[in-house]
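K.L.:
File name final18.txt; file contents compact mmCIF, C-alpha atoms (C1' of nucleotides); full text below.
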```
# COMPACT_ATOMS: atom_id res chain seq x y z
CA MET A 494 23.98 5.01 15.59
CA ALA A 495 22.62 8.49 15.69
CA LYS A 496 21.67 9.50 19.18
CA PRO A 497 18.70 11.81 19.19
CA GLY A 498 19.10 14.78 21.44
CA LYS A 499 15.38 14.56 22.04
CA PRO A 500 14.27 11.05 22.95
CA ARG A 501 10.62 12.01 22.75
CA PRO A 502 8.95 9.43 20.49
CA SER A 503 7.32 10.86 17.40
CA VAL A 504 5.62 9.42 14.36
CA PHE A 505 7.32 12.16 12.36
CA ASP A 506 10.69 10.59 13.06
CA GLU A 507 11.18 7.81 10.56
CA THR A 508 13.71 6.03 12.81
CA CYS A 509 11.24 5.81 15.69
CA SER A 510 9.34 2.57 16.25
CA ALA A 511 6.18 4.61 16.64
CA ARG A 512 6.29 4.92 12.85
CA ASP A 513 6.20 1.13 12.56
CA ALA A 514 3.20 1.01 14.87
CA LEU A 515 1.35 3.50 12.69
CA GLU A 516 2.22 1.69 9.48
CA LEU A 517 0.96 -1.55 10.93
CA ILE A 518 -2.56 -0.19 10.98
CA ALA A 519 -2.18 2.21 8.06
CA GLY A 520 -3.04 -0.43 5.49
CA LYS A 521 -6.30 -1.13 3.78
CA TRP A 522 -7.42 -4.17 5.78
CA PRO A 523 -6.10 -3.80 9.33
CA MET A 524 -8.49 -0.95 10.08
CA LEU A 525 -11.51 -2.91 8.92
CA ILE A 526 -10.51 -6.14 10.60
CA LEU A 527 -9.77 -4.49 13.92
CA THR A 528 -13.04 -2.61 13.80
CA ALA A 529 -14.92 -5.80 13.04
CA LEU A 530 -13.26 -7.49 16.02
CA ALA A 531 -14.21 -4.57 18.24
CA ASP A 532 -17.73 -6.01 18.33
CA GLY A 533 -16.48 -9.28 19.75
CA PRO A 534 -14.47 -12.40 18.84
CA MET A 535 -14.88 -13.76 15.35
CA ARG A 536 -13.88 -16.76 13.31
CA ASN A 537 -12.10 -16.70 9.98
CA GLY A 538 -15.24 -17.35 7.99
CA ALA A 539 -17.23 -14.72 9.80
CA LEU A 540 -14.56 -12.09 9.12
CA LEU A 541 -14.43 -13.16 5.50
CA ARG A 542 -18.15 -12.48 5.21
CA ARG A 543 -18.15 -9.31 7.29
CA VAL A 544 -15.26 -7.47 5.66
CA GLY A 545 -16.49 -7.09 2.11
CA GLY A 546 -13.89 -7.64 -0.59
CA VAL A 547 -11.17 -9.22 1.49
CA SER A 548 -9.60 -12.40 0.13
CA GLN A 549 -8.72 -15.39 2.25
CA LYS A 550 -5.06 -14.72 1.62
CA MET A 551 -5.13 -11.10 2.73
CA LEU A 552 -7.27 -11.93 5.73
CA THR A 553 -4.84 -14.57 6.94
CA GLN A 554 -1.84 -12.39 6.21
CA THR A 555 -3.27 -9.40 8.03
CA LEU A 556 -4.40 -11.45 11.00
CA ARG A 557 -0.90 -12.88 11.31
CA GLU A 558 0.71 -9.45 11.36
CA LEU A 559 -1.77 -8.18 13.92
CA GLU A 560 -1.18 -11.25 16.05
CA ARG A 561 2.58 -10.89 15.70
CA ASN A 562 2.39 -7.35 17.05
CA GLY A 563 0.12 -8.33 19.88
CA LEU A 564 -3.00 -6.46 18.77
CA ILE A 565 -5.15 -9.56 18.48
CA VAL A 566 -5.15 -13.03 20.03
CA ARG A 567 -5.59 -16.20 18.02
CA GLU A 568 -7.26 -19.07 19.80
CA ASP A 569 -7.05 -22.40 18.03
CA ARG A 570 -9.16 -25.13 19.61
CA ALA A 571 -7.42 -28.01 17.90
CA THR A 572 -10.63 -29.68 16.83
CA VAL A 573 -11.79 -31.32 13.66
CA PRO A 574 -13.18 -29.59 11.75
CA PRO A 575 -10.95 -26.61 12.61
CA HIS A 576 -12.27 -23.93 14.92
CA VAL A 577 -10.15 -20.78 15.33
CA GLU A 578 -11.25 -17.57 16.99
CA TYR A 579 -9.70 -14.13 16.86
CA ARG A 580 -10.19 -11.42 19.45
CA LEU A 581 -8.72 -8.06 20.36
CA SER A 582 -5.95 -8.09 22.95
CA ALA A 583 -5.81 -5.53 25.73
CA VAL A 584 -3.53 -3.34 23.61
CA GLY A 585 -5.78 -3.82 20.62
CA ARG A 586 -8.73 -2.57 22.61
CA THR A 587 -6.92 0.69 23.34
CA LEU A 588 -6.87 1.25 19.61
CA SER A 589 -10.37 0.34 18.57
CA GLY A 590 -11.87 3.58 19.82
CA ALA A 591 -9.88 5.70 17.41
CA LEU A 592 -10.52 3.25 14.58
CA VAL A 593 -14.26 3.20 15.09
CA GLU A 594 -14.17 6.97 15.04
CA LEU A 595 -12.31 6.88 11.73
CA ASP A 596 -14.85 4.51 10.23
CA ARG A 597 -17.72 6.70 11.29
CA TRP A 598 -15.94 9.72 9.86
CA ALA A 599 -15.71 7.90 6.52
CA GLU A 600 -19.37 6.92 6.59
CA ARG A 601 -20.39 10.48 7.42
CA SER A 602 -18.04 12.36 5.09
CA PHE A 603 -17.86 10.36 1.89
CA PRO A 604 -20.58 12.42 0.16
CA ALA A 605 -18.50 15.56 0.69
CA LEU A 606 -15.41 13.81 -0.64
CA ASP A 607 -17.26 12.50 -3.68
CA ALA A 608 -18.51 15.99 -4.46
CA ALA A 609 -15.08 17.56 -4.03
CA ARG A 610 -13.51 14.93 -6.25
CA ALA A 611 -16.08 15.55 -8.98
CA ARG A 612 -15.45 19.29 -8.77
CA PHE A 613 -11.69 18.90 -8.87
CA ASP A 614 -11.76 16.55 -11.85
CA ALA A 615 -14.15 18.80 -13.76
CA ALA A 616 -11.94 21.84 -13.17
CA ASN A 617 -8.78 20.06 -14.30
CA ARG A 618 -10.21 18.19 -17.23
CA ARG A 619 -9.64 20.94 -19.79
CA ARG A 620 -5.98 21.45 -19.06
CA MET B 1108 -36.89 -3.11 7.36
CA ALA B 1109 -34.15 -1.87 5.14
CA LYS B 1110 -35.23 -1.03 1.64
CA PRO B 1111 -33.03 -2.43 -1.09
CA GLY B 1112 -32.65 0.95 -2.75
CA LYS B 1113 -31.00 2.61 0.26
CA PRO B 1114 -28.41 0.50 2.01
CA ARG B 1115 -26.93 2.00 5.16
CA PRO B 1116 -23.44 3.31 4.33
CA SER B 1117 -20.78 1.06 5.75
CA VAL B 1118 -17.03 0.74 5.39
CA PHE B 1119 -17.58 -3.02 5.42
CA ASP B 1120 -19.38 -2.78 2.10
CA GLU B 1121 -16.78 -2.70 -0.64
CA THR B 1122 -19.17 -1.04 -3.08
CA CYS B 1123 -19.84 1.89 -0.74
CA SER B 1124 -17.95 5.14 -1.25
CA ALA B 1125 -17.20 5.19 2.45
CA ARG B 1126 -14.61 2.56 1.66
CA ASP B 1127 -12.92 4.95 -0.77
CA ALA B 1128 -12.85 7.61 1.91
CA LEU B 1129 -11.13 5.24 4.31
CA GLU B 1130 -8.60 4.09 1.74
CA LEU B 1131 -7.73 7.69 0.95
CA ILE B 1132 -6.21 8.06 4.39
CA ALA B 1133 -5.15 4.44 4.81
CA GLY B 1134 -1.78 4.96 3.17
CA LYS B 1135 1.58 5.54 4.72
CA TRP B 1136 1.82 9.30 4.23
CA PRO B 1137 -1.69 10.81 4.33
CA MET B 1138 -1.99 10.33 8.08
CA LEU B 1139 1.30 12.03 8.79
CA ILE B 1140 0.73 14.89 6.38
CA LEU B 1141 -2.75 15.61 7.67
CA THR B 1142 -1.53 15.51 11.25
CA ALA B 1143 1.28 17.89 10.40
CA LEU B 1144 -1.19 20.28 8.82
CA ALA B 1145 -3.40 20.09 11.90
CA ASP B 1146 -0.93 22.46 13.58
CA GLY B 1147 -1.43 25.09 10.90
CA PRO B 1148 -0.74 25.82 7.24
CA MET B 1149 2.58 24.69 5.84
CA ARG B 1150 4.63 25.03 2.70
CA ASN B 1151 6.03 22.19 0.64
CA GLY B 1152 9.53 22.58 2.05
CA ALA B 1153 8.33 22.71 5.63
CA LEU B 1154 6.34 19.50 5.21
CA LEU B 1155 9.32 17.86 3.58
CA ARG B 1156 11.37 18.65 6.69
CA ARG B 1157 8.66 17.83 9.19
CA VAL B 1158 7.52 14.46 7.86
CA GLY B 1159 10.68 12.40 8.17
CA GLY B 1160 11.43 10.06 5.28
CA VAL B 1161 8.94 11.40 2.79
CA SER B 1162 10.23 12.03 -0.71
CA GLN B 1163 9.35 15.07 -2.78
CA LYS B 1164 7.46 12.84 -5.19
CA MET B 1165 5.32 11.15 -2.56
CA LEU B 1166 4.65 14.45 -0.83
CA THR B 1167 3.38 16.08 -4.00
CA GLN B 1168 1.39 13.02 -5.00
CA THR B 1169 -0.27 12.71 -1.60
CA LEU B 1170 -1.04 16.42 -1.37
CA ARG B 1171 -2.70 16.23 -4.79
CA GLU B 1172 -4.94 13.36 -3.76
CA LEU B 1173 -5.90 15.07 -0.53
CA GLU B 1174 -6.65 18.27 -2.40
CA ARG B 1175 -8.64 16.38 -5.00
CA ASN B 1176 -10.86 14.92 -2.30
CA GLY B 1177 -11.28 18.25 -0.57
CA LEU B 1178 -9.40 17.45 2.63
CA ILE B 1179 -6.81 20.16 2.15
CA VAL B 1180 -6.66 23.48 0.32
CA ARG B 1181 -3.76 24.50 -1.87
CA GLU B 1182 -3.06 28.19 -2.03
CA ASP B 1183 -0.67 29.26 -4.74
CA ARG B 1184 0.38 32.89 -4.56
CA ALA B 1185 1.69 33.10 -8.07
CA THR B 1186 4.93 34.75 -7.10
CA VAL B 1187 8.50 34.20 -8.12
CA PRO B 1188 10.11 32.39 -6.46
CA PRO B 1189 7.11 30.07 -5.94
CA HIS B 1190 5.17 30.28 -2.70
CA VAL B 1191 2.51 27.62 -2.11
CA GLU B 1192 0.75 26.92 1.15
CA TYR B 1193 -1.32 23.91 2.18
CA ARG B 1194 -3.90 23.89 4.94
CA LEU B 1195 -6.74 21.70 6.18
CA SER B 1196 -10.19 22.33 4.75
CA ALA B 1197 -13.29 22.32 6.95
CA VAL B 1198 -13.83 18.65 6.17
CA GLY B 1199 -10.18 17.92 6.79
CA ARG B 1200 -10.45 19.45 10.23
CA THR B 1201 -13.25 17.03 11.14
CA LEU B 1202 -10.75 14.25 10.56
CA SER B 1203 -7.67 15.54 12.30
CA GLY B 1204 -8.98 14.74 15.77
CA ALA B 1205 -9.12 11.02 15.10
CA LEU B 1206 -5.75 11.11 13.35
CA VAL B 1207 -4.00 12.89 16.17
CA GLU B 1208 -5.45 10.29 18.50
CA LEU B 1209 -4.03 7.54 16.32
CA ASP B 1210 -0.60 9.15 16.31
CA ARG B 1211 -0.60 9.44 20.06
CA TRP B 1212 -1.69 5.83 20.35
CA ALA B 1213 1.32 4.82 18.22
CA GLU B 1214 3.70 6.92 20.31
CA ARG B 1215 2.32 5.43 23.52
CA SER B 1216 2.01 1.81 22.44
CA PHE B 1217 5.01 1.04 20.28
CA PRO B 1218 7.04 -0.43 23.17
CA ALA B 1219 4.30 -3.00 23.78
CA LEU B 1220 4.19 -3.83 20.08
CA ASP B 1221 7.96 -4.19 19.87
CA ALA B 1222 7.93 -6.57 22.82
CA ALA B 1223 5.07 -8.64 21.40
CA ARG B 1224 6.80 -8.87 18.04
CA ALA B 1225 10.02 -10.07 19.65
CA ARG B 1226 8.11 -12.69 21.62
CA PHE B 1227 6.21 -13.90 18.59
CA ASP B 1228 9.31 -14.17 16.42
CA ALA B 1229 11.21 -16.00 19.13
CA ALA B 1230 8.39 -18.50 19.55
CA ASN B 1231 8.09 -19.17 15.81
CA ARG B 1232 11.76 -19.15 14.90
CA ARG B 1233 12.17 -22.89 15.35
CA ARG B 1234 10.39 -24.07 12.24
C1' DG C 1117 28.62 33.87 -15.13
C1' DC C 1118 27.35 30.50 -11.53
C1' DA C 1119 25.13 28.36 -7.61
C1' DA C 1120 21.15 28.09 -4.63
C1' DG C 1121 16.33 27.78 -3.49
C1' DT C 1122 11.41 27.21 -4.86
C1' DA C 1123 7.73 23.71 -6.18
C1' DC C 1124 7.14 20.85 -8.90
C1' DA C 1125 6.97 17.19 -13.58
C1' DC C 1126 8.66 13.13 -15.69
C1' DA C 1127 11.05 8.69 -16.56
C1' DC C 1128 12.95 4.60 -14.69
C1' DC C 1129 13.34 1.12 -11.42
C1' DT C 1130 12.47 -1.87 -7.21
C1' DT C 1131 9.45 -3.30 -3.55
C1' DT C 1132 5.15 -4.19 -1.69
C1' DT C 1133 0.52 -5.39 -2.04
C1' DG C 1134 -3.12 -8.04 -3.56
C1' DG C 1135 -5.68 -11.70 -6.41
C1' DT C 1136 -6.45 -16.51 -8.23
C1' DG C 1137 -6.13 -21.17 -8.25
C1' DC C 1138 -4.79 -25.53 -6.32
C1' DC C 1139 -3.45 -28.32 -2.31
C1' DT C 1140 -3.97 -30.37 2.72
C1' DA C 1141 -7.15 -33.24 6.34
C1' DT C 1142 -11.49 -34.35 8.43
C1' DG C 1143 -16.40 -35.41 9.25
C1' DG C 1144 -21.21 -34.81 8.03
C1' DA C 1145 -24.95 -34.40 4.52
C1' DG C 1146 -26.89 -36.27 0.39
C1' DC D 39 -19.01 -42.09 -3.09
C1' DT D 40 -19.25 -37.23 -3.92
C1' DC D 41 -19.67 -32.56 -2.25
C1' DC D 42 -19.17 -29.12 1.18
C1' DA D 43 -17.29 -26.43 5.01
C1' DT D 44 -13.57 -25.82 8.16
C1' DA D 45 -8.69 -22.76 8.20
C1' DG D 46 -5.43 -22.27 6.06
C1' DG D 47 -0.38 -23.11 2.89
C1' DC D 48 1.93 -22.32 -1.38
C1' DA D 49 2.99 -20.78 -6.10
C1' DC D 50 2.37 -17.71 -9.70
C1' DC D 51 1.24 -13.38 -11.55
C1' DA D 52 -0.59 -8.37 -12.05
C1' DA D 53 -0.98 -3.90 -10.11
C1' DA D 54 0.08 -0.34 -7.12
C1' DA D 55 3.09 2.03 -4.12
C1' DG D 56 7.21 4.14 -3.51
C1' DG D 57 12.32 5.76 -4.35
C1' DT D 58 15.92 8.02 -7.24
C1' DG D 59 17.58 11.00 -10.40
C1' DT D 60 16.96 14.53 -13.72
C1' DG D 61 14.97 18.77 -15.78
C1' DT D 62 12.37 23.41 -15.56
C1' DA D 63 11.48 28.53 -14.91
C1' DC D 64 12.60 32.15 -12.30
C1' DT D 65 15.10 35.33 -9.07
C1' DT D 66 18.41 36.59 -5.64
C1' DG D 67 23.14 36.69 -4.01
C1' DC D 68 28.26 36.24 -4.91
```
Any chance you could give the structure as structure tokens?

P.N.:
Amino acid sequence: MAKPGKPRPSVFDETCSARDALELIAGKWPMLILTALADGPMRNGALLRRVGGVSQKMLTQTLRELERNGLIVREDRATVPPHVEYRLSAVGRTLSGALVELDRWAERSFPALDAARARFDAANRRR
Amino acid sequence: MAKPGKPRPSVFDETCSARDALELIAGKWPMLILTALADGPMRNGALLRRVGGVSQKMLTQTLRELERNGLIVREDRATVPPHVEYRLSAVGRTLSGALVELDRWAERSFPALDAARARFDAANRRR
DNA sequence: GCAAGTACACACCTTTTGGTGCCTATGGAG
DNA sequence: CTCCATAGGCACCAAAAGGTGTGTACTTGC
């Protein structure tokens, strides 16, 4: 295997696991789900209602990946009817700050992006 | 009381443009490219070398989308041979702080994620 | 003349992502 | 008895993301 002369971890190095960590949260749903859980533990149904547009399949799939990587904790009280709660792990909590900041950036900046997009499309329409 | 005509913008609302803004940067490459540009303007070739693993096609495609939404500026000095520079726009700069924080989180936390993943897979292998 | 570098565009293909519908088991409401 | 809610699993399919390989227009250097 290639030994890097510089062992400093970098997301710019595609062979570094830091890249995997970034890609884990780079998707469409992980950001929203983690942000939703930043407010406190939630059940499957609550997340389904909170995160608009997510399907049951994608919710389960994303939660599994996040649990697998130790960002969230799944607590199944083996009752009937089922009762399962998800919460941020300690590592997950170190991430939620940056994610909340991203969400607020989106909520603040989308008008500027919409305007820029309209301008760009108008300028390149007659090409 | 919230009036029905003006809902508070939220990334949790799939019909809100804030969601589009989030998804614009949610991909695999936008985060890395924007972070790379946070250090200063760069040319196509320099980005290609800096962002490990990106293909020419994905680089161009991502730069176009970012330019379209006004996050970066493309400056083409119509010379031969071609010389094109990309740099963050004012709006793009408001984003780079959160992105750099995310990158550093990934570089700090990937060992914990790797360990958690190994534990999870070992626990669920017998099935 | 020929190769190299620049910043792409375009076609083709594979992989990943995401959506829908149907299934499980249970207890409570009607 | 039927319907609903609970938290999913599983199969099938469509769409999007992403990779590879080629071509282009031009100049400089050999």

K.L.:
If you fit chain A onto chain B using every C-alpha atom, paired in order, what RMSD in Å do you get?

P.N.:
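Result of the CA superposition: 2.4 Å.
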
K.L.:
Quick check: residues of chain C within 9 Å of chain A, all atoms listed in the file, returned as an MDAnalysis selection string.

P.N.:
chainID C and resid 1134:1135 1141:1143

K.L.:
Considering only C-alpha atoms (C1' of nucleotides), state which residue in the set A:Asn562, A:Arg567, A:Gly546, A:Val577 is at the smallest distance from chain D.

P.N.:
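Answer, going by the shortest atom-to-atom distance: A:Val577.
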
K.L.:
Which residue out of C:DC1118, C:DC1138, C:DC1126, C:DA1145 has the minimum interatomic distance to D:DC50 when all atoms listed in the file are used?

P.N.:
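Of all the options, C:DC1138 lies closest to D:DC50.
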
K.L.:
Could you work out which residues of chain B fall inside 6 Å of chain A? Count only C-alpha atoms, and format the result as a PDB file with C-alpha atoms, keeping the file's coordinate frame.

P.N.:
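part_22.pdb written:
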```pdb
ATOM      1  CA  PRO B1116     -23.440   3.310   4.330  1.00  0.00           C
ATOM      2  CA  PHE B1119     -17.580  -3.020   5.420  1.00  0.00           C
ATOM      3  CA  ASP B1120     -19.380  -2.780   2.100  1.00  0.00           C
ATOM      4  CA  GLU B1121     -16.780  -2.700  -0.640  1.00  0.00           C
ATOM      5  CA  ALA B1125     -17.200   5.190   2.450  1.00  0.00           C
ATOM      6  CA  ALA B1128     -12.850   7.610   1.910  1.00  0.00           C
ATOM      7  CA  LEU B1129     -11.130   5.240   4.310  1.00  0.00           C
ATOM      8  CA  ALA B1133      -5.150   4.440   4.810  1.00  0.00           C
ATOM      9  CA  GLY B1134      -1.780   4.960   3.170  1.00  0.00           C
ATOM     10  CA  VAL B1158       7.520  14.460   7.860  1.00  0.00           C
ATOM     11  CA  GLY B1159      10.680  12.400   8.170  1.00  0.00           C
ATOM     12  CA  GLY B1160      11.430  10.060   5.280  1.00  0.00           C
ATOM     13  CA  ARG B1175      -8.640  16.380  -5.000  1.00  0.00           C
ATOM     14  CA  ASN B1176     -10.860  14.920  -2.300  1.00  0.00           C
ATOM     15  CA  GLY B1177     -11.280  18.250  -0.570  1.00  0.00           C
ATOM     16  CA  ALA B1205      -9.120  11.020  15.100  1.00  0.00           C
ATOM     17  CA  ALA B1213       1.320   4.820  18.220  1.00  0.00           C
ATOM     18  CA  GLU B1214       3.700   6.920  20.310  1.00  0.00           C
ATOM     19  CA  PHE B1217       5.010   1.040  20.280  1.00  0.00           C
ATOM     20  CA  LEU B1220       4.190  -3.830  20.080  1.00  0.00           C
ATOM     21  CA  ALA B1223       5.070  -8.640  21.400  1.00  0.00           C
ATOM     22  CA  ARG B1224       6.800  -8.870  18.040  1.00  0.00           C
ATOM     23  CA  PHE B1227       6.210 -13.900  18.590  1.00  0.00           C
TER      24      PHE B1227
END
```

K.L.:
I need the contact residues of chain D against chain A, so if you could list those with any atom within 8 Å, counting only C-alpha atoms (C1' of nucleotides), and return them as a PyMOL selection string, that would help.

P.N.:
chain D and resi 44-46

K.L.:
Grab the atom CA of A:Ile565 to atom C1' of C:DT1133 distance for me, in Å with one decimal place.

P.N.:
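Between atom CA of A:Ile565 and atom C1' of C:DT1133 the gap works out to 21.7 Å.
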
K.L.:
Would you compute the distance between atom C1' of D:DT60 and atom CA of B:Val1180? Give it in Å to one decimal.

P.N.:
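Separating atom C1' of D:DT60 from atom CA of B:Val1180 is a distance of 28.9 Å.
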
K.L.:
Please measure the separation of atom C1' of D:DC64 and atom C1' of C:DT1122, giving the value in Å to one decimal.

P.N.:
9.0 Å

K.L.:
Write out as a ChimeraX atom specification each polymer residue whose atoms come within 12 Å of C:DA1127, counting all atoms listed in the file; drop sequence neighbours fewer than 3 positions from it.

P.N.:
/D:58-61

K.L.:
Any chance you could work out the axis-aligned box around stretch 1131-1134 of chain C, listed atoms only, 8 Å on each side, giving centre and edge lengths in Å to one decimal, as lines of an AutoDock Vina configuration file?

P.N.:
```
center_x = 3.2
center_y = -5.7
center_z = -2.6
size_x = 28.6
size_y = 20.7
size_z = 17.9
```

K.L.:
Please provide the set of residues having any atom within 7 Å of A:Leu530, restricted to all atoms listed in the file, with same-chain residues fewer than 4 positions apart removed, written as JSON, numbers by chain.

P.N.:
{"A": [526, 534, 535, 580, 581]}

K.L.:
Deliver the residues from the most recent selection as a file, using C-alpha atoms, as a PDB file, keeping the file's coordinate frame.

P.N.:
```pdb
ATOM      1  CA  ILE A 526     -10.510  -6.140  10.600  1.00  0.00           C
ATOM      2  CA  PRO A 534     -14.470 -12.400  18.840  1.00  0.00           C
ATOM      3  CA  MET A 535     -14.880 -13.760  15.350  1.00  0.00           C
ATOM      4  CA  ARG A 580     -10.190 -11.420  19.450  1.00  0.00           C
ATOM      5  CA  LEU A 581      -8.720  -8.060  20.360  1.00  0.00           C
TER       6      LEU A 581
END
```

K.L.:
Need a file for chain C from that block: C-alpha atoms (C1' of nucleotides), written as a PDB file, in the first residue's frame.

P.N.:
```pdb
ATOM      1  C1'  DG C1117       5.184  17.653 -38.211  1.00  0.00           C
ATOM      2  C1'  DC C1118       4.087  16.067 -33.494  1.00  0.00           C
ATOM      3  C1'  DA C1119       3.179  16.041 -28.593  1.00  0.00           C
ATOM      4  C1'  DA C1120       1.694  18.543 -24.548  1.00  0.00           C
ATOM      5  C1'  DG C1121      -1.251  21.490 -21.855  1.00  0.00           C
ATOM      6  C1'  DT C1122      -5.566  24.218 -21.252  1.00  0.00           C
ATOM      7  C1'  DA C1123     -10.667  23.900 -20.054  1.00  0.00           C
ATOM      8  C1'  DC C1124     -13.944  22.013 -21.334  1.00  0.00           C
ATOM      9  C1'  DA C1125     -18.292  19.171 -24.211  1.00  0.00           C
ATOM     10  C1'  DC C1126     -20.405  14.913 -25.299  1.00  0.00           C
ATOM     11  C1'  DA C1127     -21.686   9.956 -25.403  1.00  0.00           C
ATOM     12  C1'  DC C1128     -21.819   5.686 -23.027  1.00  0.00           C
ATOM     13  C1'  DC C1129     -21.995   2.924 -19.121  1.00  0.00           C
ATOM     14  C1'  DT C1130     -22.326   1.392 -14.123  1.00  0.00           C
ATOM     15  C1'  DT C1131     -23.498   2.417  -9.418  1.00  0.00           C
ATOM     16  C1'  DT C1132     -26.070   4.612  -6.058  1.00  0.00           C
ATOM     17  C1'  DT C1133     -30.074   6.712  -4.450  1.00  0.00           C
ATOM     18  C1'  DG C1134     -34.759   7.008  -3.718  1.00  0.00           C
ATOM     19  C1'  DG C1135     -39.901   5.792  -4.198  1.00  0.00           C
ATOM     20  C1'  DT C1136     -43.981   2.580  -3.974  1.00  0.00           C
ATOM     21  C1'  DG C1137     -46.394  -1.164  -2.565  1.00  0.00           C
ATOM     22  C1'  DC C1138     -47.043  -5.263   0.139  1.00  0.00           C
ATOM     23  C1'  DC C1139     -45.836  -8.095   4.166  1.00  0.00           C
ATOM     24  C1'  DT C1140     -45.010  -9.117   9.454  1.00  0.00           C
ATOM     25  C1'  DA C1141     -47.127  -9.076  14.655  1.00  0.00           C
ATOM     26  C1'  DT C1142     -49.742  -7.006  18.295  1.00  0.00           C
ATOM     27  C1'  DG C1143     -53.319  -4.583  20.990  1.00  0.00           C
ATOM     28  C1'  DG C1144     -56.829  -1.043  21.297  1.00  0.00           C
ATOM     29  C1'  DA C1145     -60.780   1.565  19.293  1.00  0.00           C
ATOM     30  C1'  DG C1146     -65.079   1.258  16.898  1.00  0.00           C
TER      31       DG C1146
END
```
